Structure formats: C-alpha cells, structure tokens
Amino acid sequence: SKKPRWPFSKRGVGKDKHKHTSDLENCLSSVKITNFRGYDFYSLKDKTWDEVMETHHKLLTNQLDLRKQQEAVWELFTSECTYFLDHLLVLKMIFMNTLKYLQTHEYLLDVDLWRLFANLEELTQTSLGFVNSLFGIIKDYADASEISSSLDFISVLTKYFRGSLCQSHQTYCLNYSAAIFYLESLRQRDDFGIYLKWCEQNEQCRRLHLPELLVAPLQRLTRYPLLLKNIWKRSMDSAEKIMIYSIKEKVEKSIWDLEGKVKWLDNFQKFRYLQEIIVWPPLWDRDKRFFIPECLKHIFKEHTAENILSPTNRHLLYEGKLTLAESTRFLDVYLFLFSDFLLVTKTKRNKKKLGGSDPGLMCPSLTPELQAVIKEGGSCTVLDQPIPLDRLVVKSIEPLHVSVFGLRNAFLIQHENRYRQCIAAFLLQAQTENIKVCILMLWVFDSSAFT
C-alpha cells in the first residue's frame, strides 16, 4: 500500500528542531564564565584561624575565651565566604547570567528570570558586602601591631543583620517553592534541558545541580542564629553578649515571620487558583425546577458566588477525588472541605484545550489531580450549594448495605437546613478504606457536624 504523504505543516520539523538545538549549543559554547578566584578572600575560606594568624606573623592571644570568640567569628566569616562563592556566585554567574546571554541571542525568551531566581542579584550584593566588611575587620586585626587589639565585629553584625541581610533572604525564600515548581515545568523542554546540562557541567558547580543551589539561601538563613549563638556563648563582655543576643533574636524573629508569610502566601495562591477552576452554575442550570425568564437572569448574575472563596480567615482542610453514586451511574467528584463549609464538585476535563494554562503559573501545593485538570483547561463545577459545617451530617455506611450496588468504602453526607430537615444527600465512595477513615476522622476533629 502507498505510504501517505506528510502534511505540509509537518515537513522539515525534525530538521528545524535539530538546527535550533545545534544553534543553541553553538551559542552556549561562546559563553565566557569569569573565574571566581579574583576575590581577595577566596584563599581564606578553607583556612583555620590559627593558619591565618601564622601567615600574618601575629601571635595568638593567651586569653582562651577571647581566642574562642575569634574562632567563632572566623567560622561565621568562612561559612559566608563559602555561601557567597560556591552557591550565590555560581547561581548568578553560571546560571542566571548564561540565561541572560541566551535571551539576548533570542533563545529561551519566554523563561522568566524573576520566577526562577527572584532577587538573586540583591542577595549576592548583600552577601558580598557582608563578607567584605568581615574581611576588613579581620585584616585590620591581623595587620595591627598590638597583640591586645580586638575584633570590632559588633558594628558589622548590627549593620547587616538589622539591615538588608535578613530582608533580602526573606524576599528570596518567599519565591522559593514557586521557583522549584517552575523549574520542574521547564525541565520538560529540550532547549531548557540543554542549557541546564551545560551549566551543571561547569567545574565551578562542584557537581551541584540547580535545585541544590536554589535551596542554599533557605539553609543559610536558618544557620545564622546557630552561628550567632556560637559567638554569644564565647563572648565574656556583658554588653557585647546583650548586643549579640538581641541580633540573634532579630534573625530568629525574621525566620518566624517568614514561616507565617509562606503559609499565608501559599494559602492565598491556592485560593486564587481555586477561584479560577471552580465554576458556580446559575440556579436554573443547577436545578431545572426553577424557571427564570431570560429578561430576569441579569438580576441573579449581579450576585456571583465567586467571592465565597476568599482566603480571609478561611482554610482548606481537605481535598480529594471521590466517587458519587447516582441512580443510574457513578460520577467522579472532587471534594473541598474548608474550615466553614463543604463543596461537592464535578471535574470536567477539556482535552481539546491541552496546554491551555501555563503549568509554571500553577500553585505548587495543588494536588496532582487539580494540576491535571488545569493543564487540560478543565474545571470543577459545583453540584450543589455550599454546605455549612454546622448543617453537615456525615455517616459511615456498612458494606452490607451497599455491596449490592458495587460500592465499597462508602459514607453518606447529609445537608440539613435550619429546621433540621435534610435538603440534600450524597452517597460517596472513597478510593480506599484508609481514605474513608481519614475523612471521617477529619470531620470528628474539625467540625461538630459528625454523628
């Protein structure tokens, strides 16, 4: 039989793709990475305090407590050097600057630098200033002729920890989870994969991959209180100890604030996406008993229900895929249990609209089921009105009563009005017995509606 001809739209696609890949690789081969050895403190990051003092021909102090304090300050300095040179600078010079270079040559133009690297430029400059300031006071101490001279590190700690160091880390950390999720979506692309492989093969990456480098600022922020505590423990002067302790508390408070902001931001983003995918059908579509003339429908449209999903004082306690038993069929539904009401929705997939939503724009905390719905341009249509938790009754169903219908792990949800009349009922099936037990237990502890 004759082989069908390729359609005109597909001719040469393989060649064009190969040419684009070849051009991208050629562009990457022209990228020049600056060597990091030009910084004055580069050679110090792997040395001990004793080795530095010997190099400068300075005698170590006989005061054991003062010497321990100096070693603690030195640990803060060398660890910041390592953080700046091996993590921040690698991210900036190899990954971010290479991506900028490619974009100037019209490659990977749609990759958003901020979503991937956030305020990395600011973070790098702040860390460099901190390292240089510590390096300056250490150099002055080492060059001083008097043995009794001391490290003036309190002013540097105060300037940076009460200034931009914590704030710049907070800004970066708030974007971290979204950046990792965005990176995972970009990895599926051939052109981004070529760029990523080229960067990670650079010897200055020290075999670290991009996700391991992106997490470094989070790890560094949580380590600052430990390093400050170490200096505080080895300080003898009472005024000095009070200052160091207050700085340590400031950093810890910054971390606590960050945890609260991350939770709030995650909750806000999740509700924003839920508003986009949850569809509230009008009254006449939800129940055919209600007849509304076309000329009056505009009255109902003025009072949309979308504002119900406002994140203000509302949290999503549980979400998941279940099966709803109807009179003649089983229907896949998706449950949303909020802190004050329950929504039963029907998932609708639109396979004609594949890739309709940018996967990089999705909230990382969305479940894989919802992510799949969004990628296919689908939605979750509300089957009935929201059920307030104080009007909700949940009952476990014994297998004996529903086995004839082919139901397993079944339970019943009843919606009662203010007069305790049942106005809606949903017979649901969980995927496993464990999921059913978890749902029932959740209602026991998170609502007073369970019976």
# chains A, B, ... in the order shown; residues from 1 in each chain; ligands from 1

$ closest_atom_pairs --of "segment 172-268 of chain A" --to "segment 366-380 of chain A" --cutoff "12 Å" --atoms "only C-alpha atoms" --output "CSV"
residue,atom,partner,partner_atom,distance
A:Ala178,CA,A:Leu366,CA,11.6
A:Phe181,CA,A:Leu366,CA,10.9
A:Ser185,CA,A:Lys375,CA,11.5
A:Asp266,CA,A:Leu366,CA,9.8
A:Asn267,CA,A:Leu366,CA,10.4

$ residues_around --residues "Asp287 of chain A" --least-positions-apart "3" --cutoff "12 Å" --atoms "only C-alpha atoms" --output "list in words"
Pro281, Pro282, Leu283, Trp284, Phe290, Phe291, Ile292, Val382, Leu383, Asp384 and Gln385 of chain A

$ atom_distance --atom1 "atom CA of Leu213 of chain A" --atom2 "atom CA of Leu88 of chain A"
7.8 Å

$ residues_around --residues "Ala424 of chain A" --least-positions-apart "3" --cutoff "12 Å" --atoms "only C-alpha atoms" --output "number ranges by chain"
A: 344, 383-387, 391-393, 412-417, 420-421, 427

$ select_by_dssp --residues "segment 172-413 of chain A" --states "strand (DSSP E)" --output "ChimeraX atom specification"
/A:278-279,316-325,330-338,341-348,379-382,387-388,392-396,410-413

$ residues_around --residues "segment 187-192 of chain A" --least-positions-apart "6" --cutoff "10 Å" --atoms "only C-alpha atoms" --output "list in words"
Lys17, His20, Thr21, Leu24, Glu25, Leu99, Tyr107, Leu108, Val111 and Trp198 of chain A

$ write_last_selection --atoms "C-alpha atoms" --output "PDB file, in the first residue's frame"
ATOM      1  CA  LYS A  17      14.374  21.206  15.685  1.00  0.00           C
ATOM      2  CA  HIS A  20      17.628  25.019  16.674  1.00  0.00           C
ATOM      3  CA  THR A  21      19.379  22.613  19.078  1.00  0.00           C
ATOM      4  CA  LEU A  24      21.675  26.785  20.907  1.00  0.00           C
ATOM      5  CA  GLU A  25      24.696  24.598  21.642  1.00  0.00           C
ATOM      6  CA  LEU A  99      20.342  32.609  30.661  1.00  0.00           C
ATOM      7  CA  TYR A 107      16.898  31.801  22.976  1.00  0.00           C
ATOM      8  CA  LEU A 108      14.624  30.852  25.912  1.00  0.00           C
ATOM      9  CA  VAL A 111      11.740  31.905  30.602  1.00  0.00           C
ATOM     10  CA  TRP A 198      25.646  22.876  30.066  1.00  0.00           C
TER      11      TRP A 198
END

$ select_by_dssp --residues "segment 279-425 of chain A" --states "helix (DSSP H, G or I)" --output "ChimeraX atom specification"
/A:283-286,294-301,306-309,351-353,359-361,368-375,389-391,399-405

$ residues_around --residues "Arg408 of chain A" --least-positions-apart "4" --cutoff "8 Å" --atoms "only C-alpha atoms" --output "VMD selection string"
chain A and resid 399 402 to 403 429 to 430

$ closest_residue --among "A:Tyr83, A:Tyr195, A:Phe268, A:Tyr318" --to "Asp340 of chain A" --atoms "only C-alpha atoms"
A:Tyr318
